[in-house]
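Student: What follows is coords.txt, made up of compact mmCIF, C-alpha atoms:
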```txt
# COMPACT_ATOMS: atom_id res chain seq x y z
CA MET A 1 0.00 0.00 0.00
CA ARG A 2 1.17 3.49 -0.83
CA ILE A 3 0.03 6.67 0.95
CA GLY A 4 0.07 10.04 -0.77
CA VAL A 5 0.28 13.20 1.32
CA LEU A 6 -1.02 16.39 -0.31
CA GLY A 7 0.76 19.33 1.26
CA GLY A 8 3.35 16.88 2.50
CA THR A 9 6.04 19.52 2.96
CA GLY A 10 4.20 21.42 5.71
CA PRO A 11 4.80 20.45 9.36
CA ALA A 12 1.66 18.31 9.70
CA GLY A 13 2.09 16.49 6.41
CA THR A 14 5.80 15.92 6.95
CA ALA A 15 5.12 14.54 10.41
CA ILE A 16 2.62 11.99 9.13
CA ALA A 17 4.86 11.04 6.20
CA VAL A 18 7.91 10.37 8.37
CA ARG A 19 5.97 8.20 10.83
CA TYR A 20 4.58 5.97 8.06
CA GLY A 21 7.86 5.96 6.15
CA ALA A 22 9.58 4.80 9.33
CA VAL A 23 7.36 1.71 9.61
CA GLY A 24 7.93 0.79 5.97
CA VAL A 25 4.69 2.09 4.50
CA GLU A 26 5.59 3.81 1.24
CA VAL A 27 4.64 7.49 1.27
CA VAL A 28 4.64 9.99 -1.57
CA VAL A 29 5.44 13.37 -0.02
CA GLY A 30 3.45 15.64 -2.31
CA SER A 31 3.76 19.36 -2.87
CA ARG A 32 2.69 21.94 -5.41
CA SER A 33 6.42 22.28 -6.03
CA GLU A 34 8.28 19.06 -6.83
CA GLU A 35 11.57 20.74 -5.84
CA ARG A 36 10.19 21.44 -2.37
CA ALA A 37 9.10 17.82 -2.06
CA VAL A 38 12.58 16.63 -3.06
CA ALA A 39 14.18 18.96 -0.52
CA THR A 40 11.82 17.80 2.24
CA VAL A 41 12.50 14.11 1.64
CA GLU A 42 16.24 14.86 1.47
CA ARG A 43 16.09 16.70 4.79
CA LEU A 44 14.14 13.89 6.47
CA ARG A 45 16.67 11.32 5.30
CA GLN A 46 19.52 13.46 6.66
CA ASN A 47 17.70 13.88 9.98
CA TRP A 48 17.27 10.12 10.37
CA PRO A 49 20.32 8.52 8.74
CA GLY A 50 19.90 5.19 10.51
CA ARG A 51 16.34 4.70 9.31
CA ASP A 52 15.32 3.38 5.96
CA LEU A 53 12.47 5.85 5.41
CA ALA A 54 10.10 4.70 2.67
CA LEU A 55 9.56 8.21 1.30
CA LEU A 56 9.25 9.38 -2.30
CA PRO A 57 9.01 13.03 -3.31
CA GLY A 58 6.43 14.07 -5.88
CA THR A 59 3.92 16.63 -7.01
CA ASN A 60 0.53 16.68 -5.32
CA LYS A 61 -0.78 15.09 -8.54
CA VAL A 62 1.59 12.15 -8.15
CA ALA A 63 0.71 11.87 -4.45
CA ALA A 64 -2.98 11.82 -5.39
CA GLY A 65 -2.27 8.67 -7.41
CA ALA A 66 -1.47 6.68 -4.25
CA ASP A 67 -3.85 4.09 -2.81
CA ILE A 68 -4.96 6.31 0.07
CA VAL A 69 -4.47 10.06 0.21
CA VAL A 70 -3.94 12.32 3.22
CA LEU A 71 -4.87 15.97 2.82
CA ALA A 72 -2.45 18.11 4.84
CA THR A 73 -2.47 21.45 3.05
CA PRO A 74 -2.98 24.76 4.84
CA TRP A 75 -6.68 25.11 5.59
CA ASP A 76 -7.30 27.86 3.06
CA GLY A 77 -5.89 25.69 0.26
CA ALA A 78 -7.70 22.45 1.09
CA THR A 79 -10.70 22.69 -1.22
CA THR A 80 -8.67 24.24 -4.06
CA THR A 81 -6.19 21.37 -3.96
CA ALA A 82 -9.02 18.85 -3.72
CA ARG A 83 -10.85 20.39 -6.69
CA GLU A 84 -7.74 20.37 -8.88
CA LEU A 85 -7.14 16.69 -8.18
CA ALA A 86 -10.75 15.49 -8.15
CA GLY A 87 -10.10 13.18 -11.10
CA GLU A 88 -7.14 11.41 -9.47
CA LEU A 89 -9.03 11.16 -6.18
CA THR A 90 -12.16 9.55 -7.59
CA GLY A 91 -13.05 6.39 -5.68
CA LYS A 92 -10.23 6.84 -3.20
CA ILE A 93 -10.13 7.40 0.52
CA VAL A 94 -9.11 11.00 1.19
CA VAL A 95 -8.22 11.67 4.84
CA SER A 96 -8.42 15.32 5.84
CA MET A 97 -6.17 16.26 8.74
CA VAL A 98 -6.76 19.95 8.16
CA ASN A 99 -7.70 22.32 10.98
CA ALA A 100 -8.73 25.88 10.40
CA MET A 101 -7.73 28.35 13.07
CA VAL A 102 -6.54 31.88 13.58
CA GLN A 103 -4.64 33.67 16.32
CA TRP A 104 -6.63 36.43 18.03
CA GLY A 105 -4.37 38.20 20.48
CA ALA A 106 -2.82 35.45 22.57
CA ARG A 107 -5.62 32.98 21.86
CA LEU A 108 -6.01 30.35 19.15
CA VAL A 109 -9.52 30.39 17.78
CA PRO A 110 -11.06 27.71 15.58
CA LEU A 111 -12.53 28.78 12.26
CA PHE A 112 -15.29 27.09 10.34
CA PRO A 113 -16.03 27.40 6.66
CA PRO A 114 -19.66 28.23 5.87
CA THR A 115 -20.33 24.56 5.01
CA GLY A 116 -19.56 23.57 8.61
CA SER A 117 -16.04 22.13 8.67
CA VAL A 118 -13.01 21.72 6.45
CA ALA A 119 -13.71 18.00 6.09
CA ASN A 120 -17.28 18.68 5.06
CA ALA A 121 -16.15 21.29 2.54
CA VAL A 122 -13.70 18.75 1.11
CA ALA A 123 -16.42 16.10 0.98
CA ARG A 124 -18.68 18.46 -0.99
CA THR A 125 -15.76 19.21 -3.33
CA LEU A 126 -15.05 15.49 -3.83
CA PRO A 127 -18.44 13.78 -4.13
CA MET A 128 -16.83 10.79 -5.89
CA SER A 129 -14.23 10.20 -3.16
CA ARG A 130 -14.51 8.54 0.24
CA VAL A 131 -13.72 11.50 2.49
CA ALA A 132 -12.72 10.94 6.11
CA GLY A 133 -10.90 12.87 8.82
CA ALA A 134 -8.06 11.82 11.14
CA PHE A 135 -4.72 12.90 12.64
CA HIS A 136 -5.95 16.36 13.72
CA HIS A 137 -4.72 16.38 17.30
CA LEU A 138 -1.24 14.94 17.00
CA PRO A 139 1.46 17.45 17.92
CA ALA A 140 3.69 17.73 14.82
CA GLY A 141 6.79 18.27 16.95
CA LEU A 142 6.25 14.96 18.72
CA LEU A 143 5.47 13.04 15.52
CA LEU A 144 8.50 14.43 13.73
CA ASP A 145 10.84 13.13 16.41
CA LEU A 146 11.00 9.43 15.66
CA ASP A 147 12.77 8.80 18.96
CA GLN A 148 9.62 9.90 20.80
CA LYS A 149 7.21 7.15 21.74
CA LEU A 150 3.64 7.97 20.80
CA GLU A 151 0.64 7.24 22.96
CA ALA A 152 -2.42 8.94 21.60
CA ASP A 153 -5.86 8.23 20.25
CA VAL A 154 -6.70 9.47 16.79
CA MET A 155 -10.31 10.46 16.23
CA VAL A 156 -11.52 9.15 12.87
CA PHE A 157 -14.76 10.15 11.20
CA SER A 158 -16.50 9.60 7.87
CA ASP A 159 -20.00 9.00 6.65
CA ALA A 160 -19.33 5.35 5.77
CA ARG A 161 -18.44 2.66 8.28
CA SER A 162 -16.21 0.86 5.74
CA THR A 163 -14.21 4.04 5.09
CA THR A 164 -13.81 4.73 8.80
CA ASP A 165 -12.66 1.16 9.41
CA GLU A 166 -10.01 1.37 6.67
CA VAL A 167 -8.72 4.65 8.10
CA ILE A 168 -8.62 3.14 11.61
CA ASP A 169 -6.54 0.28 10.20
CA LEU A 170 -4.22 2.85 8.66
CA VAL A 171 -3.89 4.76 11.95
CA ASN A 172 -3.18 1.56 13.87
CA LYS A 173 -0.15 0.84 11.66
CA VAL A 174 1.79 3.52 13.58
CA PRO A 175 2.90 2.13 16.95
CA GLY A 176 1.32 4.08 19.81
CA LEU A 177 -1.59 5.41 17.80
CA ARG A 178 -5.10 4.04 18.17
CA GLY A 179 -7.88 5.01 15.79
CA ILE A 180 -11.30 5.67 17.33
CA ASP A 181 -14.53 5.96 15.34
CA VAL A 182 -16.12 9.23 16.46
CA GLY A 183 -19.01 9.22 14.01
CA GLY A 184 -19.83 10.90 10.74
CA LEU A 185 -18.67 14.06 9.00
CA ASN A 186 -20.85 15.97 11.43
CA SER A 187 -18.24 15.18 14.07
CA ALA A 188 -15.65 17.13 12.05
CA MET A 189 -16.51 20.43 13.74
CA ALA A 190 -15.77 18.96 17.16
CA VAL A 191 -12.53 17.32 16.08
CA GLU A 192 -11.22 20.24 14.03
CA ALA A 193 -12.10 22.86 16.66
CA MET A 194 -10.54 20.74 19.41
CA THR A 195 -7.11 21.24 17.87
CA ALA A 196 -7.17 24.93 18.78
CA ALA A 197 -8.35 24.04 22.29
CA LEU A 198 -5.47 21.56 22.68
CA LEU A 199 -3.02 24.24 21.59
CA GLU A 200 -4.50 26.41 24.35
CA VAL A 201 -3.85 23.52 26.74
CA ASN A 202 -0.24 23.39 25.55
CA ARG A 203 0.13 27.12 26.08
CA ARG A 204 -1.32 27.01 29.60
CA TYR A 205 0.53 23.92 30.80
CA LYS A 206 3.67 24.22 28.63
CA ALA A 207 2.95 20.71 27.39
CA HIS A 208 2.38 18.54 24.34
CA ALA A 209 -1.16 17.49 25.11
CA SER A 210 -2.89 14.57 23.40
CA LEU A 211 -6.31 13.04 23.88
CA ARG A 212 -7.18 9.59 25.12
CA VAL A 213 -10.70 8.20 24.86
CA THR A 214 -11.25 6.13 28.00
CA GLY A 215 -14.04 3.74 28.85
CA ILE A 216 -14.00 1.72 25.62
CA GLU A 217 -12.91 -1.82 26.45
CA MET B 218 -19.75 27.23 49.57
CA ARG B 219 -23.11 26.54 47.99
CA ILE B 220 -23.67 25.52 44.37
CA GLY B 221 -26.92 26.26 42.56
CA VAL B 222 -27.93 24.13 39.60
CA LEU B 223 -30.34 25.72 37.12
CA GLY B 224 -32.26 22.96 35.39
CA GLY B 225 -31.19 20.68 38.21
CA THR B 226 -33.99 18.16 37.65
CA GLY B 227 -32.79 17.09 34.18
CA PRO B 228 -30.37 14.17 33.88
CA ALA B 229 -27.22 16.31 33.53
CA GLY B 230 -28.08 18.71 36.33
CA THR B 231 -29.19 15.93 38.66
CA ALA B 232 -25.97 14.04 38.00
CA ILE B 233 -23.80 17.02 38.92
CA ALA B 234 -25.92 17.81 41.97
CA VAL B 235 -25.72 14.31 43.40
CA ARG B 236 -21.93 14.11 42.98
CA TYR B 237 -21.35 17.38 44.83
CA GLY B 238 -24.02 16.62 47.43
CA ALA B 239 -22.27 13.30 48.08
CA VAL B 240 -18.99 15.02 48.98
CA GLY B 241 -20.70 17.46 51.33
CA VAL B 242 -20.86 20.49 49.07
CA GLU B 243 -24.30 22.04 49.52
CA VAL B 244 -26.27 22.10 46.27
CA VAL B 245 -29.56 23.82 45.50
CA VAL B 246 -31.30 21.67 42.92
CA GLY B 247 -33.15 24.34 40.96
CA SER B 248 -36.11 23.99 38.63
CA ARG B 249 -38.74 26.19 37.06
CA SER B 250 -41.12 24.11 39.17
CA GLU B 251 -40.33 23.94 42.88
CA GLU B 252 -42.49 20.80 43.17
CA ARG B 253 -40.32 19.06 40.59
CA ALA B 254 -37.19 20.07 42.49
CA VAL B 255 -38.66 18.68 45.72
CA ALA B 256 -39.54 15.41 43.98
CA THR B 257 -36.04 15.12 42.47
CA VAL B 258 -34.28 15.63 45.78
CA GLU B 259 -36.67 13.18 47.43
CA ARG B 260 -35.93 10.58 44.76
CA LEU B 261 -32.16 11.04 45.07
CA ARG B 262 -32.35 10.59 48.86
CA GLN B 263 -34.38 7.40 48.41
CA ASN B 264 -31.87 6.09 45.83
CA TRP B 265 -28.94 6.65 48.20
CA PRO B 266 -30.29 6.05 51.73
CA GLY B 267 -26.86 5.53 53.26
CA ARG B 268 -25.48 8.84 52.02
CA ASP B 269 -26.03 12.17 53.64
CA LEU B 270 -26.61 14.10 50.41
CA ALA B 271 -26.26 17.85 50.91
CA LEU B 272 -29.11 18.71 48.55
CA LEU B 273 -31.79 21.38 48.86
CA PRO B 274 -34.70 21.77 46.42
CA GLY B 275 -35.59 25.21 45.13
CA THR B 276 -36.72 27.32 42.25
CA ASN B 277 -34.14 28.33 39.64
CA LYS B 278 -34.31 31.78 41.25
CA VAL B 279 -33.26 30.36 44.62
CA ALA B 280 -30.53 28.28 42.95
CA ALA B 281 -29.25 31.42 41.24
CA GLY B 282 -28.66 32.88 44.70
CA ALA B 283 -25.91 30.33 45.43
CA ASP B 284 -22.21 31.23 45.41
CA ILE B 285 -21.52 29.52 42.11
CA VAL B 286 -24.17 28.55 39.60
CA VAL B 287 -24.23 25.67 37.12
CA LEU B 288 -26.43 26.04 34.06
CA ALA B 289 -27.87 22.64 33.14
CA THR B 290 -31.10 23.48 31.35
CA PRO B 291 -32.04 22.01 27.97
CA TRP B 292 -30.05 23.87 25.31
CA ASP B 293 -33.01 25.73 23.90
CA GLY B 294 -33.84 27.17 27.32
CA ALA B 295 -30.34 28.24 28.35
CA THR B 296 -30.37 31.88 27.31
CA THR B 297 -33.99 32.39 28.39
CA THR B 298 -33.23 31.09 31.87
CA ALA B 299 -30.05 33.18 32.00
CA ARG B 300 -31.88 36.33 30.93
CA GLU B 301 -34.63 35.88 33.54
CA LEU B 302 -32.06 35.50 36.33
CA ALA B 303 -29.50 38.06 35.12
CA GLY B 304 -29.97 40.13 38.28
CA GLU B 305 -29.28 37.22 40.66
CA LEU B 306 -26.33 36.10 38.55
CA THR B 307 -24.55 39.47 38.46
CA GLY B 308 -20.93 39.12 39.55
CA LYS B 309 -21.20 35.35 39.90
CA ILE B 310 -19.48 32.47 38.18
CA VAL B 311 -21.99 30.78 35.88
CA VAL B 312 -20.79 27.42 34.55
CA SER B 313 -22.55 26.28 31.40
CA MET B 314 -22.60 22.53 30.92
CA VAL B 315 -25.11 22.80 28.10
CA ASN B 316 -24.61 21.01 24.77
CA ALA B 317 -26.84 21.60 21.78
CA MET B 318 -27.42 18.60 19.55
CA VAL B 319 -30.04 16.94 17.46
CA GLN B 320 -30.59 13.41 16.21
CA TRP B 321 -30.47 13.06 12.42
CA GLY B 322 -31.32 9.50 11.50
CA ALA B 323 -29.07 7.36 13.63
CA ARG B 324 -26.46 10.09 14.10
CA LEU B 325 -26.09 12.72 16.81
CA VAL B 326 -25.21 16.06 15.29
CA PRO B 327 -23.93 19.09 17.20
CA LEU B 328 -25.85 22.34 16.82
CA PHE B 329 -24.47 25.84 17.18
CA PRO B 330 -26.45 28.97 17.90
CA PRO B 331 -25.68 31.84 15.50
CA THR B 332 -23.40 33.43 18.12
CA GLY B 333 -21.08 30.44 17.96
CA SER B 334 -21.76 28.28 21.00
CA VAL B 335 -24.22 27.94 23.85
CA ALA B 336 -21.62 29.22 26.32
CA ASN B 337 -20.94 32.24 24.17
CA ALA B 338 -24.66 32.96 23.83
CA VAL B 339 -24.97 32.74 27.62
CA ALA B 340 -21.96 35.03 28.06
CA ARG B 341 -23.57 37.63 25.76
CA THR B 342 -26.80 37.30 27.75
CA LEU B 343 -24.96 37.75 31.07
CA PRO B 344 -22.36 40.46 30.49
CA MET B 345 -22.17 41.14 34.26
CA SER B 346 -21.46 37.49 35.16
CA ARG B 347 -18.28 35.42 34.95
CA VAL B 348 -19.36 32.81 32.41
CA ALA B 349 -17.40 29.58 32.05
CA GLY B 350 -18.03 26.11 30.68
CA ALA B 351 -17.37 22.68 32.19
CA PHE B 352 -18.85 19.19 32.74
CA HIS B 353 -19.94 18.71 29.11
CA HIS B 354 -18.50 15.26 28.47
CA LEU B 355 -19.40 13.38 31.62
CA PRO B 356 -21.84 10.54 31.00
CA ALA B 357 -24.86 11.30 33.21
CA GLY B 358 -25.51 7.60 33.80
CA LEU B 359 -22.06 7.14 35.26
CA LEU B 360 -22.24 10.28 37.41
CA LEU B 361 -25.65 9.38 38.77
CA ASP B 362 -24.39 6.05 40.07
CA LEU B 363 -22.43 7.04 43.17
CA ASP B 364 -20.99 3.53 43.40
CA GLN B 365 -19.14 4.11 40.12
CA LYS B 366 -15.62 5.43 40.42
CA LEU B 367 -14.97 8.36 38.13
CA GLU B 368 -11.78 8.87 36.15
CA ALA B 369 -12.21 11.67 33.66
CA ASP B 370 -10.85 15.04 32.71
CA VAL B 371 -13.23 17.97 32.60
CA MET B 372 -12.46 20.63 30.02
CA VAL B 373 -12.92 24.08 31.55
CA PHE B 374 -12.98 27.33 29.59
CA SER B 375 -13.68 30.99 30.22
CA ASP B 376 -12.30 34.31 29.10
CA ALA B 377 -10.68 35.03 32.50
CA ARG B 378 -7.92 33.00 34.04
CA SER B 379 -9.23 33.63 37.58
CA THR B 380 -12.68 32.31 36.62
CA THR B 381 -11.20 29.23 34.97
CA ASP B 382 -9.04 28.55 38.01
CA GLU B 383 -12.03 28.77 40.39
CA VAL B 384 -14.01 26.38 38.20
CA ILE B 385 -11.06 23.96 38.05
CA ASP B 386 -10.97 24.03 41.86
CA LEU B 387 -14.69 23.24 41.87
CA VAL B 388 -14.23 20.34 39.43
CA ASN B 389 -11.37 18.92 41.48
CA LYS B 390 -13.61 18.62 44.56
CA VAL B 391 -15.23 15.55 43.00
CA PRO B 392 -12.93 12.53 43.42
CA GLY B 393 -11.81 11.20 40.04
CA LEU B 394 -12.43 14.42 38.12
CA ARG B 395 -9.60 16.69 36.99
CA GLY B 396 -10.28 20.14 35.57
CA ILE B 397 -8.18 21.18 32.57
CA ASP B 398 -7.93 24.74 31.24
CA VAL B 399 -8.70 24.49 27.52
CA GLY B 400 -8.71 28.21 26.79
CA GLY B 401 -11.29 30.93 26.29
CA LEU B 402 -14.96 30.96 25.29
CA ASN B 403 -13.79 30.34 21.73
CA SER B 404 -13.01 26.79 22.84
CA ALA B 405 -16.70 26.27 23.63
CA MET B 406 -17.50 25.11 20.11
CA ALA B 407 -14.94 22.33 20.33
CA VAL B 408 -16.04 21.21 23.78
CA GLU B 409 -19.78 21.41 23.15
CA ALA B 410 -19.58 19.69 19.75
CA MET B 411 -17.36 16.95 21.16
CA THR B 412 -20.24 15.73 23.33
CA ALA B 413 -22.14 14.56 20.25
CA ALA B 414 -18.97 12.91 18.93
CA LEU B 415 -18.49 11.07 22.25
CA LEU B 416 -22.09 9.84 22.10
CA GLU B 417 -21.23 8.50 18.64
CA VAL B 418 -18.26 6.72 20.24
CA ASN B 419 -20.61 5.22 22.83
CA ARG B 420 -22.95 4.04 20.11
CA ARG B 421 -20.18 2.44 18.06
CA TYR B 422 -18.33 0.78 20.95
CA LYS B 423 -21.29 0.25 23.33
CA ALA B 424 -19.31 2.14 25.94
CA HIS B 425 -19.32 5.07 28.34
CA ALA B 426 -16.47 7.03 26.81
CA SER B 427 -14.68 9.85 28.59
CA LEU B 428 -11.74 11.99 27.59
CA ARG B 429 -8.32 12.16 29.16
CA VAL B 430 -5.86 14.89 28.27
CA THR B 431 -2.43 13.24 28.30
CA GLY B 432 0.99 14.82 28.14
CA ILE B 433 0.46 17.43 30.86
CA GLU B 434 2.69 16.36 33.75
```
Represent the supplied structure as structure tokens.
Tutor:
Amino acid sequence: MRIGVLGGTGPAGTAIAVRYGAVGVEVVVGSRSEERAVATVERLRQNWPGRDLALLPGTNKVAAGADIVVLATPWDGATTTARELAGELTGKIVVSMVNAMVQWGARLVPLFPPTGSVANAVARTLPMSRVAGAFHHLPAGLLLDLDQKLEADVMVFSDARSTTDEVIDLVNKVPGLRGIDVGGLNSAMAVEAMTAALLEVNRRYKAHASLRVTGIE
Amino acid sequence: MRIGVLGGTGPAGTAIAVRYGAVGVEVVVGSRSEERAVATVERLRQNWPGRDLALLPGTNKVAAGADIVVLATPWDGATTTARELAGELTGKIVVSMVNAMVQWGARLVPLFPPTGSVANAVARTLPMSRVAGAFHHLPAGLLLDLDQKLEADVMVFSDARSTTDEVIDLVNKVPGLRGIDVGGLNSAMAVEAMTAALLEVNRRYKAHASLRVTGIE
């Protein structure tokens, strides 16, 4: 299986790519600029010389040709990128990890597009794809450091049980991550907005906060 | 210290009241109908004959006279109740635990008032009060059963650090609960919407899910 990451050169996309590459899942690190993708993969290899990272640089279009595609662009580019690649993404699982937020004074404030959430906007843009959401709450700094042990739950949502289950399987491939089904695309607002709240937690407690869902088995 | 619970005869309000009453914090169980409040307190005493529950029945107006007030009405009555009691609530901490949601088919979907969140709507209604939010994610069934040990984090938010800290102190009085500062009123959307997502988790996993914030000491 090959994963494609759209916007794979940003912190969030890079973090996801390196974690999958480190466990031998092939990842296409996609970017609007192929040169930037090449430079990012080069840098990751230099950072982790002992690891055989299964990373390939490519354009977003090449990344969209993978078996499962993670959308990790800046929030204001998510639907544009999705629209441009709608053909390549037809029939595929597209996992949005995009959060929209803005800094107001010292505070981080979640933003919602008029259609409710970034994931919902992407789903409307890609009616022929299987749109899901995951990976929103993982601190990029922690993910990027492969020496750090992860222990976090990843909230996964989509409007189809089969899509959610495939994304949970994908999440569970990274040691220390556990995918949790948190419902349909209507749960996207909660999950996306929670990222800003967790950054507020980090600010208050000088921490790298993650979420655990307790009480399920 | 005395807590007043507005809408204290509903499941959420009753659950909070019984947990504080059980640890000796005096709680006025408020209701629009004093008779209903009397019946609720009577029922709670009968359910827990061995416990000396520190509960008093009263109208919402009497409950609003307490030192700290918890708003636990149905979501569509929250601002109306707040507006009617604005005088009593002046200068006081008002803790909204209200979530707005609706069932669409099998799914629970979060709802937001046009001002962004229930807590924000309450804060606009009560400009002279210290409005915070807390207790949104606790499963009422678990809280109501005093034999059940709790182990959950309670996300607390307000626009003033001193208010948040007082509410965290209040949360921490209940054994097994830990209050976490998740930022300002702008975090209300995340916290309120997450309740519907957690109910989706419960549906999928046949569980009583709670949240833990990990990574902070």
Student: Just need the residues of chain B within 9 Å of chain A, counting all atoms listed in the file, so spit them out as a ChimeraX atom specification.
Tutor: /B:324-327,368-369,397-401,403-434
Student: Would you pick out the contacts of Val69 of chain A at 12 Å or less, using all atoms listed in the file, so that residues sharing its chain but fewer than 2 positions from it are not included, and give the list as a PyMOL selection string?
Tutor: chain A and resi 1-8+13+16-17+26-30+60-67+71-73+82+85-86+88-97+129-134+167+170
Student: Could you list, with a cut-off of 10 Å and counting all atoms listed in the file, the residues of segment 99-158 of chain A near segment 45-52 of chain A, each shown with its nearest atom pair and the distance in Å rounded to one decimal, rows sorted by chain and ascending number, as a Markdown table?
Tutor:
```
| residue | atom | partner | partner_atom | distance |
| --- | --- | --- | --- | --- |
| A:Leu144 | CA | A:Asn47 | CA | 10.0 |
| A:Asp145 | CA | A:Trp48 | CA | 9.3 |
| A:Leu146 | CA | A:Trp48 | CA | 8.2 |
| A:Asp147 | CA | A:Trp48 | CA | 9.8 |
```
Student: Between A:Gly105, A:Arg19, A:Leu44, A:Gly77, which has the minimum distance to Arg32 of chain A (counting all atoms listed in the file)?
Tutor: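 Selected residue with least distance to Arg32 of chain A: A:Gly77.
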Student: In Å, how far is it from atom CA of Gly179 of chain A to atom CA of Ala357 of chain B?
Tutor: 25.1 Å
Student: Let me know the centre plus edge lengths, in Å and rounded to one decimal, of a box with edges along x, y and z that contains all listed atoms of segment 314-326 of chain B and is padded by 8 Å on every side, as AutoDock Vina command-line options.
Tutor:
```
--center_x -27.0 --center_y 15.1 --center_z 21.2 --size_x 24.7 --size_y 31.4 --size_z 35.4
```
Student: Using all atoms listed in the file, collect all residues at a distance of at most 9 Å from (-4.5, 28.8, 6.1) as written in the file, then present them as a PDB file with C-alpha atoms, in the frame of the given file.
Tutor:
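Wrote selection.pdb, looks like this:
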```pdb
ATOM      1  CA  THR A  73      -2.470  21.450   3.050  1.00  0.00           C
ATOM      2  CA  PRO A  74      -2.980  24.760   4.840  1.00  0.00           C
ATOM      3  CA  TRP A  75      -6.680  25.110   5.590  1.00  0.00           C
ATOM      4  CA  ASP A  76      -7.300  27.860   3.060  1.00  0.00           C
ATOM      5  CA  GLY A  77      -5.890  25.690   0.260  1.00  0.00           C
ATOM      6  CA  ALA A  78      -7.700  22.450   1.090  1.00  0.00           C
ATOM      7  CA  ASN A  99      -7.700  22.320  10.980  1.00  0.00           C
ATOM      8  CA  ALA A 100      -8.730  25.880  10.400  1.00  0.00           C
ATOM      9  CA  MET A 101      -7.730  28.350  13.070  1.00  0.00           C
ATOM     10  CA  VAL A 102      -6.540  31.880  13.580  1.00  0.00           C
TER      11      VAL A 102
END
```
Student: To one decimal in Å, tell me the separation between atom CA of Ala54 of chain A and atom CA of Thr164 of chain A.
Tutor: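 Between these atoms lies a distance of 24.7 Å.
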Student: Calculate how many Å separate atom CA of Pro356 of chain B from atom CA of Glu259 of chain B, rounding to one decimal.
Tutor: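 Between atom CA of Pro356 of chain B and atom CA of Glu259 of chain B the gap is 22.3 Å.
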Student: Any idea what's packed within 10 Å of Val38 of chain A, counting only C-alpha atoms, ignoring anything in its chain fewer than 2 positions away? Could you give it as a ChimeraX atom specification?
Tutor: /A:9,29-31,33-36,40-43,55-59
Student: Between B:Ala323, B:Ala336, B:Met345, B:Leu360, which has the minimum distance to Val235 of chain B (counting all atoms listed in the file)?
Tutor: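 Answer, going by the shortest atom-to-atom distance: B:Leu360.
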